[in-house]
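Q: The structure is given below, and queries will be raised subsequently.
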Amino acid sequence: MDYEIKLDIFKGPLDLLLHLIESSEIDIYNIPIALITEKYLEYLHTIQLLNLEGVGEFLVMAATLMQIKAKMLLPQIQNNEESVLLMEEDDPRWELAQKLIEYKRIKEASHLLKERETEQAQIYTRTSGEFADLKISAPGDPLKDLSLIDLLKAFQVVLESQEKPELDAVPKQVISLQQRMNEIVDLVTQEKRLFFRKAFGEIQTKIELITCFLAVLELIRLGKIIAYQDSIFGEIMLTLQEEVNLAE
């Protein structure tokens with residue numbers, strides 16, 4: 001794969017770590033480093049398969065996690081106050097925890113500002129020669145409260161469901177990224193609301209699965225389709241941007 005894709009919604013290694021910690025309901029001040037490192041490496045493997053731009057930052061974080069894990073395996077001086085969860089500054093996890101807390105604060109502040117921007121966008125003022133009801137509204141969020149991490153998780157499920165071995169002896173038809181994008185747009189147009197997993201159809205080879213997923217990401221980046229969930233932990237759906245605009 002020599003195609004790289006970069007999304008504005010791709011936040012980086014700290015965003016991935018924070019997602020893993022929050023989804024596992026882990027205390028930032030008492031991170032089980034072995035568990036988090038294992039989960040992080042699983043996502044990193046998928047990211048490397050997709051050849052996403054900026055993967056170097058994730059590799060650096062992986063090395064940092066491995067280093068912390070190694071330090072945690074060293075003999076530790078027992079603390080009499082074991083019930084206290086707040087980490088000492090000499091704890092190898094301390095610096096990482098501080099970065100995560102600062103990142104979380106910035107992320108929450110950013111989310112608050114985004115909400116206020118959305119509220120402000122609903123307020124229209126009329127000036128001479130302009131009519132608010134004729135203005136074109138700004139494009140909505142292409143991920144509708146989802147994140148790339150959610151899409152990666154859904155894609156991991158698709159990859160793991162591939163049970164049949166690939167037969168190298170059988171000639172494979174090479175499908176370009178643009179071809180796959182066109183196919184997905186046609187499928188979403190036909191279905192109106194398409195389950196994320198159905199975008200992969202009967203595809204079984206890993207290279208074609210990756211191409212299909214990259215095609216979905218590129219269509220989202222271009223604003224041609226939108227990914228969303230009807231409910232928390234529900235299945236991810238794909239629809240055309242045009243359909244959302246009409247519904248609004």
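Residue numbering restarts at 1 in every chain; chains get A, B, ... in the order shown in the structure tokens, and ligands count up from 1 in that same order.
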Need the shell around Arg197 in chain A: protein/DNA/RNA residues with any atom at most 12 Å away, counting only C-alpha atoms. Skip same-chain ones fewer than 3 positions apart. Format as a list of chain:residue names?
A: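 Here the answer would be A:Leu151, A:Lys153, A:Ala154, A:Phe155, A:Gln156, A:Val157, A:Val158, A:Leu159, A:Ser161, A:Ile184, A:Arg193, A:Leu194, A:Phe200, A:Gly201, A:Glu202, A:Ile203, A:Leu209, A:Cys212, A:Phe213, A:Val216, A:Ala227, A:Glu235, A:Ile236, A:Met237, A:Leu238.
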Q: List as a CSV table (one decimal) with C-alpha atoms, in the first residue's frame the protein and nucleic acid residues near range 21-24 of chain A, meaning an atom at most 12 Å away when only C-alpha atoms are counted, but skip any in the same chain fewer than 6 places from it.
A:
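Saved to out34.csv:
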```csv
chain,number,residue,atom,x,y,z
A,14,LEU,CA,-2.8,10.9,23.3
A,15,ASP,CA,-6.4,10.8,22.0
A,30,ASN,CA,-3.3,4.4,38.5
A,31,ILE,CA,-2.9,3.1,34.9
A,32,PRO,CA,-2.4,-0.7,34.5
A,33,ILE,CA,0.4,-0.1,32.0
A,35,LEU,CA,-3.1,-3.8,29.9
A,36,ILE,CA,-3.1,-0.4,28.2
A,37,THR,CA,0.1,-1.2,26.3
A,39,LYS,CA,-4.6,-2.6,23.8
A,40,TYR,CA,-2.6,0.3,22.3
A,97,ALA,CA,-0.6,10.9,33.4
A,100,LEU,CA,-3.2,12.9,29.5
A,101,ILE,CA,-4.8,15.1,32.1
A,104,LYS,CA,-8.2,15.9,28.4
A,149,ILE,CA,-10.9,5.3,16.9
A,150,ASP,CA,-14.5,4.1,16.7
A,233,PHE,CA,-22.6,1.3,21.2
```
Q: With distances taken over only C-alpha atoms, which of A:Glu191, A:Leu18, A:Glu218, A:Ile68 is nearest to Arg105 in chain A?
A: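 Closest to Arg105 in chain A of all the choices is A:Leu18.
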Q: Could you check which of A:Asp186, A:Arg221, A:Tyr43, A:Leu113 is closest to Ala199 in chain A, using only C-alpha atoms?
A: A:Asp186
Q: As an exercise, work out the distance from CA of Asn182 in chain A to CA of Lys224 in chain A in Å and give it to one decimal place.
A: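 Result for CA of Asn182 in chain A versus CA of Lys224 in chain A: 10.9 Å, one decimal.
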Q: Which of these residues is nearest to Leu148 in chain A, using only C-alpha atoms: A:Leu217, A:Ile226, A:Met61, A:Leu44?
A: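 So, comparing all the options, the nearest one is A:Leu217.
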